[in-house]
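Take a look at the structure set out below.
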Amino acid sequence: MMNVENDEVSLPEDPEGETKVDKMGHLQGDREYRCRTFTVLGRGQRLYMLSTEPARCVGFRDSYLFFTKHKRLYKIIIDDDEKRDLIDRELIPHSYKGRAIGIVTARSVFREFGAQIIVGGKRVYDDYEVAKARADNVVAGELADPNDVFKAGEPYNKN
């Protein structure tokens with residue numbers, strides 16, 4: 001079992017990757033997440049995502065497979081107070097009140113997927129694990145997801 005700190009699996013840090021995201025999950029530079037991020041009641045300023053959103057964004061039909069295939073991500077099931085707060089802030093619909101809602105830290109999603117989870121993300125430049133990407137001979141500057149519809153100057157659809 002891996003150690004969990006601050007709602008994330010403890011992993012070695014990539015010095016270059018650390019310049020792209022802070023400890024709370026806020027992206028640095030002009031980077032923007034492809035899915036919605038939010039804070040959670042009682043969990044400070046750390047950014048989270050509904051687990052279904054990054055899962056779909058990187059090609060999974062549901063979050064079960066997302067967490068099964070990516071063991072470095074830590075799934076959090078929010079409690080009723082946290083759920084009520086997300087409903088009040090219109091981040092989830094009222095119909096989710098009786099469901100188990102899974103969230104994941106935005107930082108851990110970025111560390112796992114890098115450029116794939118960034119709007120217009122470019123390999124190496126927007127990846128967290130830069131040394132690994134270079135060692136894998138990834139083409140720097142190549143679009144991580146060529147199917148991602150992104151037009152500069154227009155609002156990005158995060159749904």
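Residue names in the structure tokens use chain letters A, B, ... in the order shown, residue numbers from 1 in each chain, and ligand numbers from 1 in the order shown.
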| Residues near range 123-130 of chain A, cut-off 8 Å, only C-alpha atoms, skip fewer than 4 positions along chain, as a PyMOL selection string | chain A and resi 14+16-18+20+31+110-115+118+134+138-144
| message | Would you pick out the contacts of Ile87 in chain A at 12 Å or less, using only C-alpha atoms, so that residues sharing its chain but fewer than 3 positions from it are not included, and give the list as a count of residues only? | response | 17
| Residues of range 16-141 of chain A in helix (DSSP H, G or I), written as a PyMOL selection string | chain A and resi 17-19+52-57+63-69+80-88+94-96+106-117+130-135
| task | Would you return as a PyMOL selection string the members of chain A that DSSP assigns to strand (DSSP E) on this structure's backbone? | result | chain A and resi 4-5+8-9+48-50+76-77+102-105
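Of the residues under consideration (A:Leu27, A:Ile103, A:Ala131, A:Ile76), A:Ile103 shows the shortest atom-to-atom contact distance to Ser51 in chain A when counting only C-alpha atoms.
Take CA of Asp62 in chain A and CA of Ala152 in chain A: the distance between them is 29.2 Å.
Of the listed residues (A:Asp136, A:Asp30, A:Asp7, A:Glu53), A:Asp7 comes nearest to Ile77 in chain A; the distances count only C-alpha atoms.
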| query | Between CA of Phe60 in chain A and CA of Gln116 in chain A, what is the distance, to one decimal in Å? | reply |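 CA of Phe60 in chain A sits 12.9 Å away from CA of Gln116 in chain A.
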| said: One decimal, in Å: what's the spacing between CA of Gly44 in chain A and CA of Phe66 in chain A? | reply: 25.3 Å
| said: Just checking: using only C-alpha atoms, which residue out of A:Lys75, A:Arg89, A:Lys69, A:Lys158 ends up closest to Cys57 in chain A? | reply: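 Looking at the shortest contact to Cys57 in chain A, the residue is A:Lys158.
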